[in-house]
Structure formats: structure tokens, C-alpha cells
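Shown next, in C-alpha cells, is the structure this report addresses.
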Amino acid sequence: MSNMPTTINAVPTLRVNCSHCNLREHCVPLGLSLKDIDRLEDLVSSRKRIRRGEPLFRAGDKFDCIYAIRLGFLKSSVMSSDGREQVTNFHMSGELLGLDGIANDVYSCDVVALEDTEVCMIPYERILAACNEIPDYSIHFQKILSREIVRQHGLMLLLGSMHAEERLAAFLLSLAQRFESRGYSRTEFVLRMTRAEIGSYLGLKLETVSRVLSRFGHDNLIAVNQKHVHIIDADGLRAIVSGQNPEMLQV
């Protein structure tokens, strides 16, 4: 088992008020009574802050919590048999981490912050209790698990049947949709990950990622300034995806 992750001090005394959180619709089912919302606020044991480059957890660490991202951006990855990192997902505010630990009581991947990040820590035992006591939350949690299955199907489609241009176009459109759902611009955003990490996730070489992004810029589909991306022609990107649904390809 790997060493425990190095983090900034957790904040166990910080009151977590889900009812006032602008990301609550991603974690809390809609239509709950105030009593049920108060019950769900008791799920969160504390918050944890981690700096850019630090791990939230490592593969092999004991599973005990699900983490809800309050602020920040992270990546998950696994190590291949020859020691290469394979990026398996990127995560942003409002999403849950650690679901992979349910199966075997240990986390199966490394999760590292790509920028300074804050997460809410939710002990899994409390989630199970809430599922028993609040039927709407049980349904909500099952939907979260189902969405992860859908995402994996989308990833298989992405890697198995799309060429490089389609993969990059779907990746950018999916990011845009996710930013928009959180109240941010869907046409201008900052890539927190490197081009090498994008390539690892999409099954492409670094040179291919850079070449395709440059081609998109030349064709006036996007404008890229270092990590800042401006989507100029979303319809043009959708045409490249050739009828696939980028919202299935949650990155």
C-alpha cells in the first residue's frame, strides 16, 4: 500500500452548508425537504484542501470516503505494466471521486490535483445510511453510479472508433458542456491539464495533440493561447465528431 497523501490540514470544524452551496444540484437531489437536506449536510465529515501536484489518494490506499469536489480540478490515472502513467479521467467541481474504491475497499487509481483544490469528505458508511433513510438520495446515488458506466462506454467509443481530430473535438465539446453546466462560459476556458495528459487520456501522442489543436486554430474553429481556449466555431467541431454525442464522452 502506498504512503498516505500529503495534504494541507483538513478542516474538521468547518461547517458544511450544502443548502447554500452553488454546486448542490450536482451532489444533492432536487426536491428534498429542508429536513432531508439537513440530514445530508451531516454526511460531510470535513473538508480537505490539497495543493496543485499533490495526491488526494493513491492506488492501494484504504477506501473509506467519497469525495465531492468543491473547488479545483484533478486527474485520475493508473500505472501501466511498463511504468507509464495512463490518465483515465479529469474531474472538476461538483463531481464525486472515490467510487472506484467501493468494489475492493481500496482505491484503484491515483488522483492528483491539477490546481489548488478543496473537497468535501463523505464517509461511505454515512452514504449507505442516508440511502436507507432517504429514498430520493438512494435513487440519486444510483444515478451517479450509472453515469460513471455511461462515461466509460463513451470513453470506449472515443478510443475505439474515432480518429485524432474527432477525439480532440469531442474532448473540447465535452469540456465546454461541463463548464457551462457549472455556470461558466462554454466558449472560453482554461485547460488545467497539459497536452501530454490530454494525449494520455485520448490515446494520442503529444505531437498529435499539438498538431490537431494547431489545425483547429488554422481552420478558425478555436483560438489557443497557451492553456486558454476560445471555441470560435462549436458547430464546426460538432461536424468533426460526425454525429457522435459529445455529452456521452464525459472526460
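Please note that chains go A, B, ... in the order of the C-alpha cells, that every chain numbers its residues from 1, and that ligands are numbered from 1 in the order shown.
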Checklist entry - as a PyMOL selection string, which residues of region 113-215 of chain A does DSSP assign to strand (DSSP E)? => result chain A and resi 113+117-123+188-190
Item to check | Contacts of Val241 (chain A) within 12 Å, only C-alpha atoms, excl. fewer than 6 positions in-chain, as a list in words | outcome: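 Residues meeting the cut-off are Leu157, Leu158, Ser161, Met162, His163, Ala164, Glu165, Glu166, Arg167, Leu168, Ala169, Ala170, Phe171, Leu172, Leu173, Ser174, Ala234, Asp235, Glu247 and Leu249 of chain A.
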Now that the selection is made, can you save its residues with N, CA and C atoms as an mmCIF file, in the first residue's frame?
```
data_model
loop_
_atom_site.group_PDB
_atom_site.id
_atom_site.type_symbol
_atom_site.label_atom_id
_atom_site.label_comp_id
_atom_site.auth_asym_id
_atom_site.auth_seq_id
_atom_site.Cartn_x
_atom_site.Cartn_y
_atom_site.Cartn_z
ATOM 1 N N LEU A 157 -15.973 4.240 -26.842
ATOM 2 C CA LEU A 157 -16.303 4.721 -28.183
ATOM 3 C C LEU A 157 -15.239 5.683 -28.684
ATOM 4 N N LEU A 158 -14.831 6.583 -27.796
ATOM 5 C CA LEU A 158 -13.838 7.591 -28.149
ATOM 6 C C LEU A 158 -12.536 6.951 -28.606
ATOM 7 N N SER A 161 -13.207 4.024 -31.922
ATOM 8 C CA SER A 161 -13.751 4.247 -33.263
ATOM 9 C C SER A 161 -13.504 5.631 -33.833
ATOM 10 N N MET A 162 -12.844 6.523 -33.100
ATOM 11 C CA MET A 162 -12.654 7.889 -33.584
ATOM 12 C C MET A 162 -11.203 8.145 -33.940
ATOM 13 N N HIS A 163 -10.992 8.916 -34.995
ATOM 14 C CA HIS A 163 -9.633 9.337 -35.328
ATOM 15 C C HIS A 163 -9.258 10.548 -34.477
ATOM 16 N N ALA A 164 -8.023 11.001 -34.605
ATOM 17 C CA ALA A 164 -7.479 12.015 -33.703
ATOM 18 C C ALA A 164 -8.309 13.297 -33.688
ATOM 19 N N GLU A 165 -8.723 13.784 -34.869
ATOM 20 C CA GLU A 165 -9.485 15.031 -34.922
ATOM 21 C C GLU A 165 -10.828 14.886 -34.190
ATOM 22 N N GLU A 166 -11.479 13.731 -34.354
ATOM 23 C CA GLU A 166 -12.752 13.508 -33.677
ATOM 24 C C GLU A 166 -12.562 13.458 -32.167
ATOM 25 N N ARG A 167 -11.502 12.811 -31.725
ATOM 26 C CA ARG A 167 -11.254 12.707 -30.288
ATOM 27 C C ARG A 167 -11.045 14.078 -29.661
ATOM 28 N N LEU A 168 -10.212 14.916 -30.297
ATOM 29 C CA LEU A 168 -9.958 16.249 -29.748
ATOM 30 C C LEU A 168 -11.203 17.118 -29.791
ATOM 31 N N ALA A 169 -11.978 17.033 -30.874
ATOM 32 C CA ALA A 169 -13.194 17.830 -30.976
ATOM 33 C C ALA A 169 -14.201 17.419 -29.902
ATOM 34 N N ALA A 170 -14.389 16.108 -29.713
ATOM 35 C CA ALA A 170 -15.308 15.628 -28.688
ATOM 36 C C ALA A 170 -14.842 16.025 -27.299
ATOM 37 N N PHE A 171 -13.536 15.970 -27.075
ATOM 38 C CA PHE A 171 -12.961 16.360 -25.789
ATOM 39 C C PHE A 171 -13.268 17.824 -25.471
ATOM 40 N N LEU A 172 -13.056 18.714 -26.434
ATOM 41 C CA LEU A 172 -13.298 20.138 -26.214
ATOM 42 C C LEU A 172 -14.788 20.427 -26.022
ATOM 43 N N LEU A 173 -15.640 19.776 -26.796
ATOM 44 C CA LEU A 173 -17.079 19.992 -26.664
ATOM 45 C C LEU A 173 -17.593 19.496 -25.313
ATOM 46 N N SER A 174 -17.066 18.373 -24.865
ATOM 47 C CA SER A 174 -17.470 17.845 -23.565
ATOM 48 C C SER A 174 -17.041 18.779 -22.441
ATOM 49 N N ALA A 234 -18.305 26.208 -32.629
ATOM 50 C CA ALA A 234 -18.717 24.951 -31.994
ATOM 51 C C ALA A 234 -19.392 24.024 -32.993
ATOM 52 N N ASP A 235 -20.153 24.592 -33.931
ATOM 53 C CA ASP A 235 -20.811 23.755 -34.945
ATOM 54 C C ASP A 235 -19.783 23.039 -35.805
ATOM 55 N N GLU A 247 -21.735 14.720 -25.335
ATOM 56 C CA GLU A 247 -22.125 14.734 -23.927
ATOM 57 C C GLU A 247 -21.978 13.340 -23.315
ATOM 58 N N LEU A 249 -19.360 11.650 -23.859
ATOM 59 C CA LEU A 249 -17.910 11.470 -23.702
ATOM 60 C C LEU A 249 -17.409 12.344 -22.564
#
```
Next on the checklist: So, with only C-alpha atoms as the atoms that count, which of A:Ser93, A:Gln226, A:Gln152, A:Thr117 lies closest to Ser181 (chain A)?
Outcome noted: A:Ser93
Checklist entry - What is the distance between CA of Ile240 (chain A) and CA of Arg147 (chain A), in Å to one decimal? => result 24.7 Å
Item to check | Expected answer as a PyMOL selection string: alpha helix (DSSP H) residues in region 166-244 of chain A | outcome: chain A and resi 166-181+195-202+206-218+234-240
Item to check | Residue among A:Thr194, A:Asp61, A:Gly72, A:Leu56 lying closest to Leu97 (chain A), counting only C-alpha atoms | outcome: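 Nearest candidate to Leu97 (chain A) out of A:Thr194, A:Asp61, A:Gly72, A:Leu56: A:Leu56.
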Item to check | Coordinates-based distance that separates CA of Ile127 (chain A) from CA of Leu43 (chain A) (Å, one decimal) | outcome: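 About the pair CA of Leu43 (chain A) and CA of Ile127 (chain A): they are 6.8 Å apart.
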Spatial neighbours of Ile149 (chain A), 12 Å, only C-alpha atoms, chain gap at least 3 places, as a PDB file with C-alpha atoms, in the first residue's frame:
```pdb
ATOM      1  CA  LEU A  99     -16.351   5.493  -6.330  1.00  0.00           C
ATOM      2  CA  ASP A 100     -13.733   3.040  -7.620  1.00  0.00           C
ATOM      3  CA  GLN A 142     -27.580   5.059  -8.107  1.00  0.00           C
ATOM      4  CA  LYS A 143     -27.800   7.592 -10.943  1.00  0.00           C
ATOM      5  CA  ILE A 144     -24.293   8.802 -10.112  1.00  0.00           C
ATOM      6  CA  LEU A 145     -23.009   5.234 -10.414  1.00  0.00           C
ATOM      7  CA  SER A 146     -24.926   4.764 -13.670  1.00  0.00           C
ATOM      8  CA  GLN A 152     -16.905   4.520 -19.542  1.00  0.00           C
ATOM      9  CA  HIS A 153     -18.978   3.487 -22.565  1.00  0.00           C
ATOM     10  CA  GLY A 154     -18.335   6.888 -24.098  1.00  0.00           C
ATOM     11  CA  LEU A 155     -14.615   6.542 -23.469  1.00  0.00           C
ATOM     12  CA  MET A 156     -14.585   3.133 -25.180  1.00  0.00           C
ATOM     13  CA  MET A 248     -21.658  10.959 -23.621  1.00  0.00           C
ATOM     14  CA  LEU A 249     -17.910  11.470 -23.702  1.00  0.00           C
ATOM     15  CA  GLN A 250     -17.577  12.930 -20.220  1.00  0.00           C
TER      16      GLN A 250
END
```
Next on the checklist: Just the number, please: distance in Å from CA of Ser77 (chain A) to CA of Thr187 (chain A), one decimal.
Outcome noted: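 Straight-line distance from CA of Ser77 (chain A) to CA of Thr187 (chain A) works out to 27.2 Å.
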Next on the checklist: Residues within 6 Å of Ile69 (chain A), please, as a list of chain:residue names. Count only C-alpha atoms; anything in the same chain fewer than 2 positions from it doesn't count.
Outcome noted: A:Leu71, A:Ser93, A:Gly94, A:Glu95, A:Val119
Please produce a file of those selected residues containing all heavy atoms, as a short mmCIF file (atom, residue, chain, number, x, y, z; two decimals), in the first residue's frame.
```
data_model
loop_
_atom_site.label_atom_id
_atom_site.label_comp_id
_atom_site.auth_asym_id
_atom_site.auth_seq_id
_atom_site.Cartn_x
_atom_site.Cartn_y
_atom_site.Cartn_z
N LEU A 71 -14.00 22.89 -5.03
CA LEU A 71 -13.24 23.81 -5.87
C LEU A 71 -12.08 23.04 -6.47
O LEU A 71 -11.51 22.17 -5.81
CB LEU A 71 -12.69 24.99 -5.05
CG LEU A 71 -13.68 25.92 -4.34
CD1 LEU A 71 -12.93 26.80 -3.34
CD2 LEU A 71 -14.44 26.76 -5.34
N SER A 93 -15.26 20.68 -10.33
CA SER A 93 -16.15 20.97 -9.21
C SER A 93 -17.54 20.38 -9.43
O SER A 93 -18.07 20.36 -10.53
CB SER A 93 -16.25 22.49 -8.99
OG SER A 93 -16.68 23.13 -10.18
N GLY A 94 -18.11 19.87 -8.33
CA GLY A 94 -19.43 19.28 -8.38
C GLY A 94 -19.44 17.79 -8.63
O GLY A 94 -20.50 17.16 -8.56
N GLU A 95 -18.27 17.19 -8.89
CA GLU A 95 -18.22 15.77 -9.18
C GLU A 95 -17.74 14.98 -7.97
O GLU A 95 -17.10 15.53 -7.07
CB GLU A 95 -17.32 15.52 -10.39
CG GLU A 95 -17.86 16.17 -11.65
CD GLU A 95 -16.96 15.99 -12.87
OE1 GLU A 95 -15.86 15.43 -12.72
OE2 GLU A 95 -17.38 16.42 -13.96
N VAL A 119 -12.03 19.66 -1.34
CA VAL A 119 -13.04 18.61 -1.46
C VAL A 119 -13.78 18.45 -0.14
O VAL A 119 -13.23 18.72 0.94
CB VAL A 119 -12.41 17.25 -1.86
CG1 VAL A 119 -11.76 17.34 -3.23
CG2 VAL A 119 -11.41 16.77 -0.82
#
```
Next on the checklist: So, with only C-alpha atoms as the atoms that count, which of A:Glu115, A:Glu54, A:Asp64, A:Asp110 lies closest to Met92 (chain A)?
Outcome noted: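 Once distances to Met92 (chain A) are computed over only C-alpha atoms, the minimum belongs to A:Glu115.
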Checklist entry - For Glu188 (chain A), which residue among A:Val78, A:Val87, A:Ala223, A:Leu206 is the nearest when counting only C-alpha atoms? => result A:Ala223
Next on the checklist: Could you list, as a PyMOL selection string, every residue within 12 Å of Glu125 (chain A), counting only C-alpha atoms and ignoring same-chain residues fewer than 6 positions away?
Outcome noted: chain A and resi 43-45+63-66+102+131-132
Would you export the selected residues with C-alpha atoms as a PDB file, in the first residue's frame, please?
```pdb
ATOM      1  CA  LEU A  43     -22.870  13.303   5.710  1.00  0.00           C
ATOM      2  CA  VAL A  44     -19.821  15.515   5.256  1.00  0.00           C
ATOM      3  CA  SER A  45     -17.256  14.922   7.989  1.00  0.00           C
ATOM      4  CA  PHE A  63     -11.180   3.192   0.877  1.00  0.00           C
ATOM      5  CA  ASP A  64     -13.294   4.964   3.453  1.00  0.00           C
ATOM      6  CA  CYS A  65     -14.602   8.164   1.865  1.00  0.00           C
ATOM      7  CA  ILE A  66     -16.262   9.504  -1.232  1.00  0.00           C
ATOM      8  CA  ILE A 102     -16.353   0.554  -3.359  1.00  0.00           C
ATOM      9  CA  CYS A 131     -29.541   5.744   1.144  1.00  0.00           C
ATOM     10  CA  ASN A 132     -31.552   3.655   3.619  1.00  0.00           C
TER      11      ASN A 132
END
```
Arg58 (chain A) environment, 7 Å, only C-alpha atoms, sequence neighbours closer than 3 positions dropped, as a PDB file with N, CA, C and O atoms, in the first residue's frame:
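Okay, around.pdb is ready:
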```pdb
ATOM      1  N   SER A   2       0.497   2.251  -0.736  1.00  0.00           N
ATOM      2  CA  SER A   2       1.323   3.443  -0.866  1.00  0.00           C
ATOM      3  C   SER A   2       1.202   4.307   0.366  1.00  0.00           C
ATOM      4  O   SER A   2       0.332   4.150   1.201  1.00  0.00           O
ATOM      5  N   PRO A  55      -1.389  14.493  -4.199  1.00  0.00           N
ATOM      6  CA  PRO A  55      -2.426  13.469  -4.372  1.00  0.00           C
ATOM      7  C   PRO A  55      -3.553  13.619  -3.360  1.00  0.00           C
ATOM      8  O   PRO A  55      -3.318  13.948  -2.194  1.00  0.00           O
ATOM      9  N   ASP A  61      -4.552   2.778  -1.479  1.00  0.00           N
ATOM     10  CA  ASP A  61      -4.956   3.357  -0.204  1.00  0.00           C
ATOM     11  C   ASP A  61      -6.300   2.779   0.224  1.00  0.00           C
ATOM     12  O   ASP A  61      -7.166   2.492  -0.609  1.00  0.00           O
ATOM     13  N   TYR A 107      -8.731   2.146  -3.092  1.00  0.00           N
ATOM     14  CA  TYR A 107      -8.827   2.945  -4.305  1.00  0.00           C
ATOM     15  C   TYR A 107      -7.979   2.297  -5.390  1.00  0.00           C
ATOM     16  O   TYR A 107      -6.887   1.778  -5.131  1.00  0.00           O
ATOM     17  N   CYS A 109      -6.957   3.824  -8.313  1.00  0.00           N
ATOM     18  CA  CYS A 109      -6.197   4.752  -9.157  1.00  0.00           C
ATOM     19  C   CYS A 109      -5.586   5.844  -8.291  1.00  0.00           C
ATOM     20  O   CYS A 109      -5.925   5.994  -7.118  1.00  0.00           O
ATOM     21  N   ASP A 110      -4.669   6.593  -8.879  1.00  0.00           N
ATOM     22  CA  ASP A 110      -4.123   7.791  -8.249  1.00  0.00           C
ATOM     23  C   ASP A 110      -4.986   8.981  -8.659  1.00  0.00           C
ATOM     24  O   ASP A 110      -5.354   9.112  -9.831  1.00  0.00           O
ATOM     25  N   VAL A 111      -5.282   9.850  -7.718  1.00  0.00           N
ATOM     26  CA  VAL A 111      -5.991  11.097  -8.030  1.00  0.00           C
ATOM     27  C   VAL A 111      -5.135  12.256  -7.531  1.00  0.00           C
ATOM     28  O   VAL A 111      -4.814  12.326  -6.337  1.00  0.00           O
TER      29      VAL A 111
END
```
Next on the checklist: What's around Ser108 (chain A) at 7 Å? Count only C-alpha atoms, leave out sequence neighbours fewer than 3 positions away in its own chain, and write the answer as a ChimeraX atom specification.
Outcome noted: /A:59-60,100-101
